[in-house]
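**Q** Contents of input-v9.txt (compact mmCIF, C-alpha atoms and all ligand atoms) are below:
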```txt
# COMPACT_ATOMS: atom_id res chain seq x y z
CA VAL A 4 -26.43 -19.13 6.71
CA SER A 5 -26.42 -19.47 2.99
CA GLU A 6 -30.21 -18.99 2.86
CA LYS A 7 -29.90 -15.67 4.63
CA LYS A 8 -27.23 -14.58 2.16
CA GLU A 9 -29.50 -15.57 -0.71
CA LEU A 10 -32.28 -13.48 0.80
CA ILE A 11 -29.99 -10.46 1.16
CA ILE A 12 -28.57 -10.82 -2.34
CA GLY A 13 -32.15 -11.03 -3.65
CA LEU A 14 -33.10 -7.82 -1.83
CA VAL A 15 -30.03 -6.00 -3.16
CA LYS A 16 -30.70 -7.24 -6.69
CA ASN A 17 -34.25 -5.98 -6.48
CA ALA A 18 -33.19 -2.63 -5.02
CA VAL A 19 -30.84 -1.90 -7.94
CA LYS A 20 -32.97 -3.14 -10.80
CA ASP A 21 -33.79 0.38 -12.02
CA PHE A 22 -30.26 1.75 -11.69
CA ALA A 23 -27.83 1.84 -14.59
CA VAL A 24 -25.60 -1.24 -14.73
CA PRO A 25 -21.85 -0.74 -14.21
CA SER A 26 -20.00 0.13 -17.40
CA VAL A 27 -18.33 -3.24 -17.98
CA THR A 28 -21.63 -5.10 -17.56
CA GLU A 29 -22.82 -3.06 -20.57
CA PHE A 30 -20.27 -4.85 -22.73
CA ALA A 31 -21.08 -8.32 -21.41
CA ARG A 32 -24.00 -8.50 -23.83
CA PHE A 33 -21.60 -9.03 -26.75
CA HIS A 34 -20.35 -12.26 -25.13
CA ASP A 35 -16.87 -11.40 -26.36
CA PRO A 36 -14.12 -11.78 -23.73
CA TYR A 37 -11.85 -9.36 -25.61
CA LEU A 38 -14.40 -6.54 -25.44
CA VAL A 39 -15.02 -7.26 -21.75
CA LEU A 40 -11.27 -7.18 -21.15
CA VAL A 41 -10.65 -3.90 -22.96
CA SER A 42 -13.68 -2.15 -21.45
CA CYS A 43 -12.57 -3.31 -18.03
CA ILE A 44 -9.12 -1.76 -18.53
CA LEU A 45 -10.78 1.48 -19.64
CA SER A 46 -13.14 1.49 -16.65
CA LEU A 47 -10.43 1.55 -13.98
CA ARG A 48 -10.48 4.96 -12.30
CA THR A 49 -12.95 6.28 -14.85
CA LYS A 50 -16.59 7.32 -14.65
CA ASP A 51 -19.05 4.81 -16.10
CA LYS A 52 -20.45 7.22 -18.66
CA VAL A 53 -17.00 8.07 -20.01
CA THR A 54 -16.00 4.40 -20.11
CA VAL A 55 -19.06 3.39 -22.13
CA GLU A 56 -18.67 6.29 -24.58
CA ARG A 57 -14.96 5.86 -25.19
CA ALA A 58 -15.12 2.06 -25.30
CA ASN A 59 -17.80 2.30 -27.99
CA ALA A 60 -15.64 4.76 -29.92
CA LEU A 61 -12.67 2.42 -29.68
CA PHE A 62 -14.66 -0.68 -30.66
CA ALA A 63 -15.98 1.16 -33.70
CA LYS A 64 -12.34 1.14 -34.90
CA ALA A 65 -11.10 -2.17 -33.49
CA LYS A 66 -12.88 -5.17 -32.01
CA SER A 67 -10.15 -7.80 -32.00
CA PRO A 68 -6.50 -7.99 -30.94
CA GLN A 69 -5.44 -7.95 -34.62
CA GLU A 70 -7.48 -4.86 -35.41
CA MET A 71 -6.17 -3.15 -32.29
CA LEU A 72 -2.58 -3.63 -33.44
CA GLY A 73 -3.51 -1.82 -36.63
CA ILE A 74 -3.84 1.38 -34.58
CA SER A 75 -0.89 3.15 -32.95
CA SER A 76 -0.96 3.66 -29.20
CA GLU A 77 -0.98 7.45 -29.76
CA ARG A 78 -4.12 7.06 -31.80
CA ILE A 79 -5.71 4.74 -29.22
CA ALA A 80 -4.88 7.28 -26.52
CA LYS A 81 -6.63 10.00 -28.54
CA ILE A 82 -9.71 7.84 -29.07
CA ILE A 83 -10.08 6.86 -25.43
CA TYR A 84 -9.35 10.31 -23.97
CA PRO A 85 -10.54 11.40 -21.33
CA VAL A 86 -10.53 8.01 -19.56
CA GLY A 87 -8.14 7.96 -16.61
CA PHE A 88 -4.48 7.24 -17.49
CA TYR A 89 -5.33 7.13 -21.20
CA HIS A 90 -1.69 7.04 -22.32
CA THR A 91 -0.79 4.10 -20.10
CA LYS A 92 -4.01 2.28 -20.92
CA ALA A 93 -3.39 2.66 -24.66
CA GLU A 94 -0.02 0.94 -24.19
CA VAL A 95 -1.55 -1.74 -21.97
CA ILE A 96 -4.28 -2.50 -24.51
CA ARG A 97 -1.79 -2.79 -27.38
CA ASN A 98 0.56 -4.94 -25.34
CA LEU A 99 -2.05 -7.35 -24.14
CA SER A 100 -3.38 -7.64 -27.69
CA LYS A 101 0.12 -8.62 -28.82
CA ILE A 102 0.47 -11.23 -26.07
CA ILE A 103 -2.97 -12.70 -26.80
CA ILE A 104 -2.02 -13.13 -30.47
CA ARG A 105 1.46 -14.47 -29.73
CA ASP A 106 0.83 -16.76 -26.78
CA TYR A 107 -2.86 -17.63 -26.89
CA LYS A 108 -3.68 -18.10 -30.57
CA SER A 109 -5.48 -14.74 -30.67
CA LYS A 110 -8.02 -15.82 -28.05
CA VAL A 111 -8.29 -14.29 -24.58
CA PRO A 112 -7.26 -17.06 -22.15
CA ASP A 113 -10.03 -18.46 -19.95
CA THR A 114 -8.17 -19.22 -16.74
CA ARG A 115 -7.39 -16.88 -13.91
CA GLU A 116 -3.82 -18.11 -13.89
CA ASP A 117 -3.18 -17.24 -17.55
CA LEU A 118 -5.03 -13.94 -17.36
CA LEU A 119 -2.94 -12.81 -14.39
CA LYS A 120 0.26 -13.55 -16.33
CA ILE A 121 -0.58 -10.76 -18.77
CA LYS A 122 0.73 -7.34 -17.83
CA GLY A 123 -2.07 -4.93 -17.00
CA ILE A 124 -4.53 -7.61 -15.88
CA GLY A 125 -5.13 -7.75 -12.12
CA PRO A 126 -7.50 -9.90 -10.04
CA LYS A 127 -10.48 -7.60 -10.61
CA THR A 128 -10.13 -7.59 -14.39
CA ALA A 129 -9.45 -11.34 -14.47
CA ALA A 130 -12.65 -12.06 -12.52
CA LEU A 131 -14.76 -9.85 -14.78
CA VAL A 132 -13.35 -11.42 -17.92
CA LEU A 133 -14.03 -14.93 -16.59
CA GLY A 134 -17.53 -14.09 -15.37
CA LEU A 135 -18.87 -11.68 -17.98
CA GLY A 136 -16.74 -12.82 -20.90
CA PHE A 137 -16.79 -16.61 -20.44
CA ASN A 138 -19.63 -17.22 -17.99
CA ILE A 139 -17.18 -18.96 -15.64
CA PRO A 140 -18.06 -18.30 -11.97
CA ALA A 141 -15.73 -15.68 -10.45
CA ILE A 142 -16.28 -12.88 -7.95
CA CYS A 143 -14.98 -9.52 -9.03
CA VAL A 144 -14.20 -7.53 -5.92
CA ASP A 145 -13.87 -3.82 -6.47
CA THR A 146 -14.06 -1.06 -3.89
CA HIS A 147 -17.89 -1.28 -3.66
CA VAL A 148 -18.06 -5.05 -3.25
CA HIS A 149 -15.27 -4.82 -0.68
CA ARG A 150 -16.93 -2.04 1.32
CA VAL A 151 -20.47 -3.45 1.31
CA SER A 152 -19.35 -6.99 2.24
CA ASN A 153 -17.36 -5.63 5.19
CA ARG A 154 -20.16 -3.35 6.40
CA LEU A 155 -22.61 -6.23 6.28
CA GLY A 156 -20.22 -8.23 8.42
CA TRP A 157 -19.91 -10.96 5.79
CA VAL A 158 -16.15 -10.64 5.72
CA VAL A 159 -13.50 -8.93 7.82
CA THR A 160 -10.82 -7.93 5.35
CA LYS A 161 -8.50 -5.01 4.86
CA ARG A 162 -7.83 -5.31 1.14
CA PRO A 163 -10.15 -6.13 -1.80
CA GLU A 164 -7.66 -8.85 -2.83
CA ASP A 165 -8.47 -10.69 0.39
CA THR A 166 -12.21 -10.20 0.05
CA GLU A 167 -12.44 -12.29 -3.11
CA GLY A 168 -11.28 -15.51 -1.42
CA ALA A 169 -13.31 -14.77 1.73
CA LEU A 170 -16.52 -14.30 -0.29
CA GLU A 171 -15.91 -17.43 -2.35
CA LYS A 172 -16.17 -19.42 0.87
CA ILE A 173 -19.56 -18.04 1.89
CA ILE A 174 -21.47 -17.10 -1.29
CA PRO A 175 -23.17 -19.82 -3.35
CA LYS A 176 -21.50 -20.13 -6.76
CA LYS A 177 -24.59 -19.23 -8.71
CA TYR A 178 -24.29 -15.62 -7.44
CA TRP A 179 -20.58 -15.11 -8.12
CA ILE A 180 -20.90 -13.55 -11.56
CA GLY A 181 -23.82 -11.26 -10.73
CA LEU A 182 -22.55 -10.10 -7.35
CA ASN A 183 -20.32 -7.38 -8.78
CA THR A 184 -23.04 -5.88 -10.96
CA TRP A 185 -25.55 -5.75 -8.07
CA PHE A 186 -23.18 -4.61 -5.34
CA VAL A 187 -21.53 -1.93 -7.49
CA ALA A 188 -24.92 -0.38 -8.32
CA PHE A 189 -25.94 -0.76 -4.64
CA GLY A 190 -22.67 0.83 -3.50
CA GLN A 191 -23.05 3.73 -5.91
CA HIS A 192 -26.63 4.58 -4.99
CA ILE A 193 -27.45 3.30 -1.48
CA CYS A 194 -24.45 2.04 0.47
CA MET A 195 -22.15 4.86 -0.61
CA PRO A 196 -18.63 5.29 0.78
CA VAL A 197 -19.51 8.34 2.90
CA SER A 198 -22.86 8.54 4.71
CA PRO A 199 -24.80 5.60 3.24
CA TYR A 200 -28.62 5.74 3.10
CA CYS A 201 -29.17 3.23 5.91
CA SER A 202 -32.64 4.61 6.73
CA ASN A 203 -33.76 3.72 3.23
CA CYS A 204 -31.83 0.48 2.85
CA PRO A 205 -33.73 -2.75 2.15
CA ILE A 206 -31.18 -4.86 4.03
CA GLU A 207 -30.70 -2.64 7.09
CA LYS A 208 -31.99 -5.22 9.55
CA HIS A 209 -29.48 -7.76 8.24
CA CYS A 210 -26.53 -5.37 8.34
CA LEU A 211 -23.96 -4.95 11.09
CA LYS A 212 -22.94 -1.52 9.69
CA LYS A 213 -19.34 -2.27 10.53
CA GLY A 214 -17.18 0.79 10.18
CA VAL A 215 -20.12 3.11 9.34
CA LEU A 216 -19.51 6.32 11.25
CA LYS A 217 -22.14 8.49 9.67
CA SER A 218 -25.30 7.57 7.80
CA ARG A 219 -28.57 9.12 6.70
S1 LIG A 301 -27.70 -0.63 6.34
FE1 LIG A 301 -26.35 1.03 5.72
S2 LIG A 301 -24.30 0.16 5.84
FE2 LIG A 301 -25.73 -1.55 5.82
S3 LIG A 301 -25.89 -2.12 3.68
FE3 LIG A 301 -27.55 -0.71 4.10
S4 LIG A 301 -26.75 1.30 3.53
FE4 LIG A 301 -24.99 -0.09 3.74
```
Kindly return the structure encoded in the file as structure tokens.

**A**
Amino acid sequence: VSEKKELIIGLVKNAVKDFAVPSVTEFARFHDPYLVLVSCILSLRTKDKVTVERANALFAKAKSPQEMLGISSERIAKIIYPVGFYHTKAEVIRNLSKIIIRDYKSKVPDTREDLLKIKGIGPKTAALVLGLGFNIPAICVDTHVHRVSNRLGWVVTKRPEDTEGALEKIIPKKYWIGLNTWFVAFGQHICMPVSPYCSNCPIEKHCLKKGVLKSR
């Protein structure tokens, strides 16, 4: 079973190699968990291009929790506009910076448990910070990973929160960190929410197409 999954993951990885990587993956190259964390907050409900642009603008002013506290939340909101919920996110970013300084010696914590204690960090963000920020295996399940895994028939879950645990049981650990990057790009370009390109899909013969009502 696991060999077949490896084959499918390999085909997906190959199919997306020329597509742009998801916005947060862009920031993984700095190997700085704080930058991964902040860009992840910005990316929620925001287009990739806007996330990358505004995150770069923000990091030009502040790259650490201390530097972030040197900027007011009004100013942060102005810098990150037009990301979704920019006012709330500015508050969240300042607050989590405060908590990281106060409770974690200015370093982003590296356990899921501690990350989830911080207001504004949910399971998706925690998994990305662990994987892309610390290189600790974690599966980040967003809407694309959730949808594709269910269509394939790998999992039968209603909510992305349930998909994470279900995938952990069936996907070899070495793919956990990369899975989000590959499946997000795959979900944006091939296995889209409405009318996926099944006729042009490299894994069609391995897919149960569960819940697909219309495809091209
Ligand atoms: S065959 Fe269709 S539903 Fe299945 S993974 Fe490919 S695009 Fe998605």

**Q** List all protein, DNA and RNA residues that have any atom at most 6 Å from ligand LIG 301 (chain A), counting only C-alpha atoms and all ligand atoms, and write the list as a list of chain:residue names.

**A** A:Arg154, A:Leu155, A:Ile193, A:Cys194, A:Pro199, A:Tyr200, A:Cys201, A:Cys204, A:Ile206, A:Glu207, A:Cys210, A:Lys212

**Q** Calculated over all atoms listed in the file, which of the candidates A:Pro85, A:Gly134, A:Arg97, A:Pro205 has the smallest distance to Arg115 in chain A?

**A**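 Counting all atoms listed in the file, the residue closest to Arg115 in chain A is A:Gly134.
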
**Q** Go through A:His209, A:His149, A:Arg78, A:Arg48 and flag the residue nearest Arg162 in chain A, using only C-alpha atoms for the distances.

**A**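 Of all the options, A:His149 lies closest to Arg162 in chain A.
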
**Q** Need the shell around Lys92 in chain A: protein/DNA/RNA residues with any atom at most 8 Å away, counting all atoms listed in the file. Skip same-chain ones fewer than 5 positions apart. Format as a PyMOL selection string?

**A** chain A and resi 44-45+80

**Q** Suppose you want the space between CA of Asp35 in chain A and CA of Ile180 in chain A; what is it in Å?

**A**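 Computing the Euclidean distance for CA of Asp35 in chain A and CA of Ile180 in chain A yields 15.5 Å.
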
**Q** Could you tell me how far CA of Gln191 in chain A lies from CA of Lys161 in chain A, in Å and to one decimal?

**A** 20.1 Å

**Q** Excluding same-chain residues fewer than 3 positions from Thr128 in chain A, what lies within 12 Å of it counting all atoms listed in the file, as a PyMOL selection string?

**A** chain A and resi 27+36-47+115+118-119+121-125+131-136+141-145+164+183

**Q** When distances are computed from all atoms listed in the file, which of A:Ala93, A:Lys120, A:Arg32, A:Ala58 shows the smallest separation from Asp106 in chain A?

**A**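 Selected residue with least distance to Asp106 in chain A: A:Lys120.
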
**Q** When distances are computed from all atoms listed in the file, which of A:Thr184, A:Thr146, A:Ser75, A:Ser152 shows the smallest separation from Thr28 in chain A?

**A**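 Using all atoms listed in the file, Thr28 in chain A sits closest to A:Thr184.
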
**Q** Find the residues with any atom within 8 Å of (-24.8, -21.0, -0.4); use all atoms listed in the file and the coordinates as given in the file, and write the answer as a short mmCIF file (atom, residue, chain, number, x, y, z; two decimals) with C-alpha atoms, keeping the file's coordinate frame.

**A**
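Output contents, as saved in part_37.cif:
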```
data_model
loop_
_atom_site.label_atom_id
_atom_site.label_comp_id
_atom_site.auth_asym_id
_atom_site.auth_seq_id
_atom_site.Cartn_x
_atom_site.Cartn_y
_atom_site.Cartn_z
CA VAL A 4 -26.43 -19.13 6.71
CA SER A 5 -26.42 -19.47 2.99
CA GLU A 6 -30.21 -18.99 2.86
CA LYS A 8 -27.23 -14.58 2.16
CA GLU A 9 -29.50 -15.57 -0.71
CA ILE A 173 -19.56 -18.04 1.89
CA ILE A 174 -21.47 -17.10 -1.29
CA PRO A 175 -23.17 -19.82 -3.35
CA LYS A 176 -21.50 -20.13 -6.76
#
```

**Q** Choose the residue, out of A:Arg219, A:Lys177, A:His192, A:Lys7, that has the smallest atom-to-atom separation from Asp21 in chain A; count all atoms listed in the file.

**A**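 For Asp21 in chain A, the nearest of the given residues is A:His192.
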
**Q** Rank A:Ile82, A:Lys101, A:Val111, A:Phe62 by their smallest atom-to-atom distance to Phe137 in chain A, using only C-alpha atoms, and report the top residue only.

**A** A:Val111

**Q** Can you tell me which residues surround His90 in chain A at a distance of at most 9 Å, considering only C-alpha atoms, apart from same-chain residues fewer than 5 positions away, and format the answer as number ranges by chain?

**A** A: 76-77, 79-81, 83-84, 95

**Q** Please, what distance in Å, to one decimal, runs between CA of Leu182 in chain A and CA of Lys16 in chain A?

**A**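 We find that CA of Leu182 in chain A and CA of Lys16 in chain A lie 8.7 Å from each other.
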